[in-house]
Structure formats: structure tokens, C-alpha cells
Amino acid sequence: LTDRWVGQNVRVRVRSPGRVNLIGDHTDYTGGLVMPMAIDRCTEIIGEPAESVELRSADEAEPALVALDVDDPGAVEPHWARYVAGVVAEMRPRQGLRGSVTSTIPIGAGLSSSHSLLVAVALALGFDGPIAELARLCQRAELRASGVPSGLMDQLSIAGGVAGHALMIDIHELSIDP
């Protein structure tokens with residue numbers, strides 16, 4: 001979900017869900033079939049245009065402060081800001097964002113809170129393209145941020161989730177069927 005308000009200031013609000021996997025754990029990085037579903041818990045970013053990316057979270061003591069020309073997301077501190085920096089490094093947006101991040105996804109519970117953050121940051125920075133392209137961008141961002149070579153299930157299920165539906169995802173074909 002992405003909303004843009006135009007008034008005195010241009011503002012953005014994006015929501016990105018978490019996910020659970022029903023069938024197909026660890027088959028996404030081998031090109032197999034998976035069946036996840038988006039859940040009703042989400043990451044939300046509300047912000048306005050800025051010259052860099054500055055996000056504050058009630059769940060984190062320190063803000064994510066990321067220059068638009070970041071080259072090494074893995075060196076950014078605090079740790080959670082690396083995910084933000086990974087997206088910035090992959091997208092190279094012309095404009096940043098100053099705002100807040102809130103999440104109802106329990107961090108570390110296996111519900112893809114970090115992938116939800118990646119997708120939300122990309123959407124908040126203006127990503128506008130196909131779901132598969134968004135998923136690949138976020139996969140590359142995670143690799144740059146954490147060094148973890150993840151599959152695409154989390155990103156595809158979060159970006160392509162349909163309320164009330166599980167998704168049959170063919171990772172090899174990058175097809176999503178609710």
C-alpha cells in the first residue's frame with residue numbers, strides 16, 4: 001500500500017506486510033515452488049522528501065541516517081540502518097526521505113520483519129515497477145546490507161501479497177498465483 005499526499009508538503013505513507021510460509025521452506029534459493037502468505041502485521045513508513053534518508057523507529061535507540069551516495073551499506077551503523085542503506089545503494093534515488101518507521105511485526109519471530117522493512121523503504125523512496133523487479137532489488141539490498149544470500153520468497157510474498165490468499169510462487173519462473 002502506498003499513499004501520497006500533496007498539500008503544503010508532499011508526504012508518503014507505505015505499508016509492507018510480514019509473511020508466513022506454509023510450504024516450501026528453503027526451496028526458494030534452489031528455484032522451487034513455495035506457498036507463503038502475507039499477514040496482517042506490517043511495517044509502515046510515513047515521511048516527507050529530504051536530501052538524505054533519515055528514519056526513526058520506536059523499536060530502535062538510534063535513527064537510520066543514510067546519505068544518498070552510500071557505497072558500503074554493510075558498514076552503516078546502527079545495524080538496522082544497513083537494510084535502509086542497502087535499498088538506497090541499490091536504488092540510488094534522487095531524493096531522500098525523513099520520517100518514521102513503525103512495525104507490528106515482532107522482530108526476530110520469523111515473520112520477515114527485515115524483508116518487510118526493505119520493501120517499505122523501496123516503496124517510500126519511490127520504487128515503481130513490477131513485483132519481480134522490486135523483489136530482486138530488495139534481495140540485492142539485503143545481500144549488500146548483511147552479506148546473506150537470501151532467496152526471493154520473502155520479498156515476492158511481501159510485495160505480491162493478496163489479502164485473504166496464500167500465494168503459489170514458482171521461484172524459477174517468478175510467477176505468483178493467489
# chains A, B, ... in the order shown; residues from 1 in each chain; ligands from 1
>>> residues_around(residues="Asp154 (chain A)", least_positions_apart="4", cutoff="12 Å", atoms="only C-alpha atoms", output="mmCIF file with C-alpha atoms, in the first residue's frame")
data_model
loop_
_atom_site.group_PDB
_atom_site.id
_atom_site.type_symbol
_atom_site.label_atom_id
_atom_site.label_comp_id
_atom_site.auth_asym_id
_atom_site.auth_seq_id
_atom_site.Cartn_x
_atom_site.Cartn_y
_atom_site.Cartn_z
ATOM 1 C CA SER A 16 4.538 -3.556 3.806
ATOM 2 C CA PRO A 17 3.276 -6.803 5.386
ATOM 3 C CA GLY A 18 5.158 -9.591 7.077
ATOM 4 C CA ARG A 19 4.750 -13.163 5.842
ATOM 5 C CA VAL A 20 4.441 -16.778 6.926
ATOM 6 C CA ASN A 21 5.450 -19.752 4.830
ATOM 7 C CA GLY A 24 8.481 -24.838 0.674
ATOM 8 C CA ASP A 25 10.964 -23.696 3.294
ATOM 9 C CA HIS A 26 14.444 -23.310 1.804
ATOM 10 C CA THR A 27 13.360 -24.196 -1.729
ATOM 11 C CA ASP A 28 13.290 -20.598 -2.914
ATOM 12 C CA TYR A 29 17.051 -20.379 -3.392
ATOM 13 C CA VAL A 34 6.800 -22.127 -2.332
ATOM 14 C CA MET A 35 3.458 -21.267 -0.756
ATOM 15 C CA PRO A 36 3.671 -18.280 1.605
ATOM 16 C CA MET A 37 1.094 -15.692 2.543
ATOM 17 C CA ALA A 38 1.227 -12.085 3.620
ATOM 18 C CA ILE A 39 -0.066 -11.472 7.141
ATOM 19 C CA GLY A 110 10.471 -15.484 11.601
ATOM 20 C CA LEU A 111 7.797 -13.284 10.008
ATOM 21 C CA SER A 112 10.217 -11.425 7.707
ATOM 22 C CA SER A 113 10.358 -8.105 9.527
ATOM 23 C CA SER A 114 13.638 -7.222 7.788
ATOM 24 C CA HIS A 115 12.255 -8.025 4.335
ATOM 25 C CA SER A 116 9.143 -6.005 5.124
ATOM 26 C CA LEU A 117 11.414 -3.087 6.011
ATOM 27 C CA LEU A 118 13.358 -3.462 2.738
ATOM 28 C CA VAL A 119 10.175 -3.423 0.647
ATOM 29 C CA ILE A 131 6.799 -7.066 -8.304
ATOM 30 C CA ALA A 132 9.637 -9.323 -9.502
ATOM 31 C CA LEU A 134 11.080 -4.973 -6.556
ATOM 32 C CA ALA A 135 11.822 -8.402 -5.061
ATOM 33 C CA ARG A 136 15.177 -8.658 -6.845
ATOM 34 C CA CYS A 138 15.381 -5.980 -2.156
ATOM 35 C CA GLN A 139 17.272 -9.283 -2.448
ATOM 36 C CA GLU A 142 19.847 -7.478 1.746
ATOM 37 C CA SER A 150 18.725 -14.989 0.557
ATOM 38 C CA ILE A 158 5.512 -9.352 0.744
ATOM 39 C CA ALA A 159 5.453 -7.338 -2.487
ATOM 40 C CA GLY A 160 2.842 -9.550 -4.172
ATOM 41 C CA GLY A 161 0.637 -10.492 -1.227
ATOM 42 C CA LEU A 167 0.379 -17.494 -2.887
ATOM 43 C CA ILE A 169 5.083 -18.880 -6.192
ATOM 44 C CA ILE A 171 10.669 -19.085 -7.976
#
>>> select_by_dssp(residues="region 56-148 of chain A", states="strand (DSSP E or B)", output="count of residues only")
13
>>> residues_around(residues="Val88 (chain A)", least_positions_apart="5", cutoff="10 Å", atoms="only C-alpha atoms", output="VMD selection string")
chain A and resid 52 to 53 66 to 71 73 82 to 83 93 to 94 96 118 121 to 122 125 141
>>> residues_around(residues="Glu90 (chain A)", least_positions_apart="2", cutoff="8 Å", atoms="only C-alpha atoms", output="PDB file with N, CA and C atoms, in the first residue's frame")
ATOM      1  N   GLY A  86      21.112  -0.478   2.234  1.00  0.00           N
ATOM      2  CA  GLY A  86      21.146  -1.419   1.117  1.00  0.00           C
ATOM      3  C   GLY A  86      20.172  -1.024   0.023  1.00  0.00           C
ATOM      4  N   VAL A  87      18.976  -0.618   0.412  1.00  0.00           N
ATOM      5  CA  VAL A  87      17.979  -0.174  -0.571  1.00  0.00           C
ATOM      6  C   VAL A  87      18.443   1.115  -1.246  1.00  0.00           C
ATOM      7  N   VAL A  88      18.952   2.049  -0.470  1.00  0.00           N
ATOM      8  CA  VAL A  88      19.438   3.311  -1.040  1.00  0.00           C
ATOM      9  C   VAL A  88      20.561   3.039  -2.038  1.00  0.00           C
ATOM     10  N   ARG A  92      19.648   4.167  -5.686  1.00  0.00           N
ATOM     11  CA  ARG A  92      20.256   5.459  -5.986  1.00  0.00           C
ATOM     12  C   ARG A  92      19.187   6.527  -6.258  1.00  0.00           C
ATOM     13  N   LEU A 137      15.469  -6.282  -6.377  1.00  0.00           N
ATOM     14  CA  LEU A 137      16.144  -5.124  -5.803  1.00  0.00           C
ATOM     15  C   LEU A 137      16.339  -5.336  -4.296  1.00  0.00           C
ATOM     16  N   ARG A 140      19.024  -7.981  -3.537  1.00  0.00           N
ATOM     17  CA  ARG A 140      20.367  -7.422  -3.676  1.00  0.00           C
ATOM     18  C   ARG A 140      20.700  -6.495  -2.508  1.00  0.00           C
ATOM     19  N   ALA A 141      19.696  -5.713  -2.070  1.00  0.00           N
ATOM     20  CA  ALA A 141      19.902  -4.794  -0.946  1.00  0.00           C
ATOM     21  C   ALA A 141      20.241  -5.565   0.323  1.00  0.00           C
TER      22      ALA A 141
END
>>> closest_residue(among="A:Met91, A:Leu22, A:Ile105, A:Val84", to="Thr43 (chain A)", atoms="only C-alpha atoms")
A:Ile105
>>> atom_distance(atom1="CA of Met153 (chain A)", atom2="CA of Thr102 (chain A)")
23.0 Å
>>> residues_around(residues="Ala58 (chain A)", least_positions_apart="4", cutoff="9 Å", atoms="only C-alpha atoms", output="PyMOL selection string")
chain A and resi 100-103
>>> atom_distance(atom1="CA of Arg41 (chain A)", atom2="CA of Ser57 (chain A)")
16.1 Å
>>> atom_distance(atom1="CA of Val12 (chain A)", atom2="CA of Asp128 (chain A)")
13.6 Å
>>> select_by_dssp(residues="chain A", states="helix (DSSP H, G or I)", output="PyMOL selection string")
chain A and resi 28-30+73-75+81-91+113-124+131-146+153-160
>>> residues_around(residues="Trp80 (chain A)", least_positions_apart="6", cutoff="9 Å", atoms="only C-alpha atoms", output="list in words")
Glu60, Pro63, Ala64 and Ser114 of chain A
>>> closest_residue(among="A:Leu97, A:Ala145, A:Leu152, A:Leu174", to="Gly47 (chain A)", atoms="only C-alpha atoms")
A:Leu97
>>> closest_residue(among="A:Ala89, A:Val162, A:Val14, A:Ile107", to="Ile46 (chain A)", atoms="only C-alpha atoms")
A:Val14
>>> closest_residue(among="A:Arg98, A:Arg144, A:Arg11, A:His79", to="Glu54 (chain A)", atoms="only C-alpha atoms")
A:Arg98
>>> closest_residue(among="A:Asp177, A:Glu48, A:Asp59, A:Asp40", to="Arg13 (chain A)", atoms="only C-alpha atoms")
A:Glu48
>>> decode(residues="region 57-73 of chain A", atoms="all heavy atoms", output="mmCIF file, in the first residue's frame")
data_model
loop_
_atom_site.group_PDB
_atom_site.id
_atom_site.type_symbol
_atom_site.label_atom_id
_atom_site.label_comp_id
_atom_site.auth_asym_id
_atom_site.auth_seq_id
_atom_site.Cartn_x
_atom_site.Cartn_y
_atom_site.Cartn_z
ATOM 1 N N SER A 57 12.759 4.997 14.477
ATOM 2 C CA SER A 57 11.878 3.894 14.846
ATOM 3 C C SER A 57 11.765 3.819 16.364
ATOM 4 O O SER A 57 12.780 3.917 17.066
ATOM 5 C CB SER A 57 12.440 2.565 14.318
ATOM 6 O OG SER A 57 11.718 1.480 14.857
ATOM 7 N N ALA A 58 10.557 3.628 16.850
ATOM 8 C CA ALA A 58 10.354 3.455 18.290
ATOM 9 C C ALA A 58 11.002 2.163 18.781
ATOM 10 O O ALA A 58 11.286 2.023 19.970
ATOM 11 C CB ALA A 58 8.858 3.448 18.610
ATOM 12 N N ASP A 59 11.266 1.226 17.867
ATOM 13 C CA ASP A 59 11.878 -0.052 18.238
ATOM 14 C C ASP A 59 13.398 0.013 18.322
ATOM 15 O O ASP A 59 14.036 -0.949 18.752
ATOM 16 C CB ASP A 59 11.499 -1.142 17.220
ATOM 17 C CG ASP A 59 10.020 -1.452 17.243
ATOM 18 O OD1 ASP A 59 9.424 -1.441 18.343
ATOM 19 O OD2 ASP A 59 9.458 -1.705 16.159
ATOM 20 N N GLU A 60 13.995 1.119 17.890
ATOM 21 C CA GLU A 60 15.454 1.234 17.842
ATOM 22 C C GLU A 60 15.901 2.516 18.542
ATOM 23 O O GLU A 60 15.272 3.555 18.399
ATOM 24 C CB GLU A 60 15.940 1.260 16.381
ATOM 25 C CG GLU A 60 15.579 0.019 15.596
ATOM 26 C CD GLU A 60 16.299 -1.229 16.067
ATOM 27 O OE1 GLU A 60 17.366 -1.121 16.717
ATOM 28 O OE2 GLU A 60 15.796 -2.326 15.802
ATOM 29 N N ALA A 61 17.009 2.419 19.265
ATOM 30 C CA ALA A 61 17.517 3.568 20.018
ATOM 31 C C ALA A 61 18.075 4.653 19.105
ATOM 32 O O ALA A 61 17.929 5.841 19.387
ATOM 33 C CB ALA A 61 18.598 3.112 21.003
ATOM 34 N N GLU A 62 18.723 4.243 18.015
ATOM 35 C CA GLU A 62 19.368 5.201 17.121
ATOM 36 C C GLU A 62 18.652 5.243 15.774
ATOM 37 O O GLU A 62 18.188 4.212 15.286
ATOM 38 C CB GLU A 62 20.826 4.822 16.897
ATOM 39 C CG GLU A 62 21.677 4.876 18.153
ATOM 40 C CD GLU A 62 23.100 4.471 17.853
ATOM 41 O OE1 GLU A 62 23.712 5.064 16.943
ATOM 42 O OE2 GLU A 62 23.584 3.549 18.531
ATOM 43 N N PRO A 63 18.600 6.406 15.133
ATOM 44 C CA PRO A 63 17.958 6.503 13.820
ATOM 45 C C PRO A 63 18.845 5.943 12.711
ATOM 46 O O PRO A 63 20.048 5.789 12.877
ATOM 47 C CB PRO A 63 17.772 8.011 13.634
ATOM 48 C CG PRO A 63 18.897 8.614 14.405
ATOM 49 C CD PRO A 63 19.090 7.707 15.602
ATOM 50 N N ALA A 64 18.224 5.657 11.588
ATOM 51 C CA ALA A 64 18.947 5.305 10.362
ATOM 52 C C ALA A 64 19.206 6.610 9.625
ATOM 53 O O ALA A 64 18.265 7.286 9.205
ATOM 54 C CB ALA A 64 18.120 4.360 9.506
ATOM 55 N N LEU A 65 20.483 6.975 9.497
ATOM 56 C CA LEU A 65 20.890 8.178 8.775
ATOM 57 C C LEU A 65 21.751 7.718 7.612
ATOM 58 O O LEU A 65 22.871 7.237 7.814
ATOM 59 C CB LEU A 65 21.676 9.120 9.681
ATOM 60 C CG LEU A 65 20.964 9.560 10.963
ATOM 61 C CD1 LEU A 65 21.909 10.339 11.865
ATOM 62 C CD2 LEU A 65 19.736 10.383 10.634
ATOM 63 N N VAL A 66 21.233 7.877 6.388
ATOM 64 C CA VAL A 66 21.906 7.314 5.216
ATOM 65 C C VAL A 66 22.012 8.372 4.127
ATOM 66 O O VAL A 66 21.001 8.937 3.694
ATOM 67 C CB VAL A 66 21.143 6.085 4.675
ATOM 68 C CG1 VAL A 66 21.834 5.508 3.463
ATOM 69 C CG2 VAL A 66 20.971 5.026 5.768
ATOM 70 N N ALA A 67 23.233 8.613 3.665
ATOM 71 C CA ALA A 67 23.467 9.521 2.542
ATOM 72 C C ALA A 67 23.008 8.839 1.249
ATOM 73 O O ALA A 67 23.064 7.612 1.131
ATOM 74 C CB ALA A 67 24.949 9.876 2.449
ATOM 75 N N LEU A 68 22.563 9.620 0.279
ATOM 76 C CA LEU A 68 22.075 9.054 -0.977
ATOM 77 C C LEU A 68 23.185 8.432 -1.815
ATOM 78 O O LEU A 68 22.901 7.656 -2.722
ATOM 79 C CB LEU A 68 21.340 10.124 -1.790
ATOM 80 C CG LEU A 68 20.069 10.671 -1.145
ATOM 81 C CD1 LEU A 68 19.407 11.695 -2.068
ATOM 82 C CD2 LEU A 68 19.094 9.578 -0.769
ATOM 83 N N ASP A 69 24.437 8.738 -1.496
ATOM 84 C CA ASP A 69 25.552 8.171 -2.255
ATOM 85 C C ASP A 69 26.281 7.069 -1.478
ATOM 86 O O ASP A 69 27.458 6.807 -1.696
ATOM 87 C CB ASP A 69 26.533 9.267 -2.677
ATOM 88 C CG ASP A 69 27.161 9.978 -1.490
ATOM 89 O OD1 ASP A 69 26.750 9.737 -0.334
ATOM 90 O OD2 ASP A 69 28.073 10.800 -1.719
ATOM 91 N N VAL A 70 25.585 6.387 -0.584
ATOM 92 C CA VAL A 70 26.192 5.332 0.231
ATOM 93 C C VAL A 70 26.750 4.226 -0.672
ATOM 94 O O VAL A 70 26.093 3.808 -1.623
ATOM 95 C CB VAL A 70 25.191 4.766 1.265
ATOM 96 C CG1 VAL A 70 24.017 4.081 0.602
ATOM 97 C CG2 VAL A 70 25.878 3.807 2.232
ATOM 98 N N ASP A 71 27.964 3.784 -0.404
ATOM 99 C CA ASP A 71 28.595 2.732 -1.198
ATOM 100 C C ASP A 71 28.707 1.409 -0.462
ATOM 101 O O ASP A 71 28.713 0.350 -1.076
ATOM 102 C CB ASP A 71 29.996 3.164 -1.662
ATOM 103 C CG ASP A 71 29.939 4.186 -2.770
ATOM 104 O OD1 ASP A 71 29.055 4.072 -3.649
ATOM 105 O OD2 ASP A 71 30.766 5.113 -2.761
ATOM 106 N N ASP A 72 28.855 1.458 0.875
ATOM 107 C CA ASP A 72 29.052 0.242 1.652
ATOM 108 C C ASP A 72 27.983 0.127 2.736
ATOM 109 O O ASP A 72 28.228 0.469 3.897
ATOM 110 C CB ASP A 72 30.453 0.228 2.275
ATOM 111 C CG ASP A 72 30.758 -1.069 2.993
ATOM 112 O OD1 ASP A 72 29.940 -2.018 2.930
ATOM 113 O OD2 ASP A 72 31.832 -1.137 3.628
ATOM 114 N N PRO A 73 26.790 -0.384 2.378
ATOM 115 C CA PRO A 73 25.713 -0.495 3.362
ATOM 116 C C PRO A 73 26.091 -1.346 4.576
ATOM 117 O O PRO A 73 25.615 -1.104 5.679
ATOM 118 C CB PRO A 73 24.577 -1.152 2.581
ATOM 119 C CG PRO A 73 24.862 -0.823 1.167
ATOM 120 C CD PRO A 73 26.353 -0.789 1.049
#
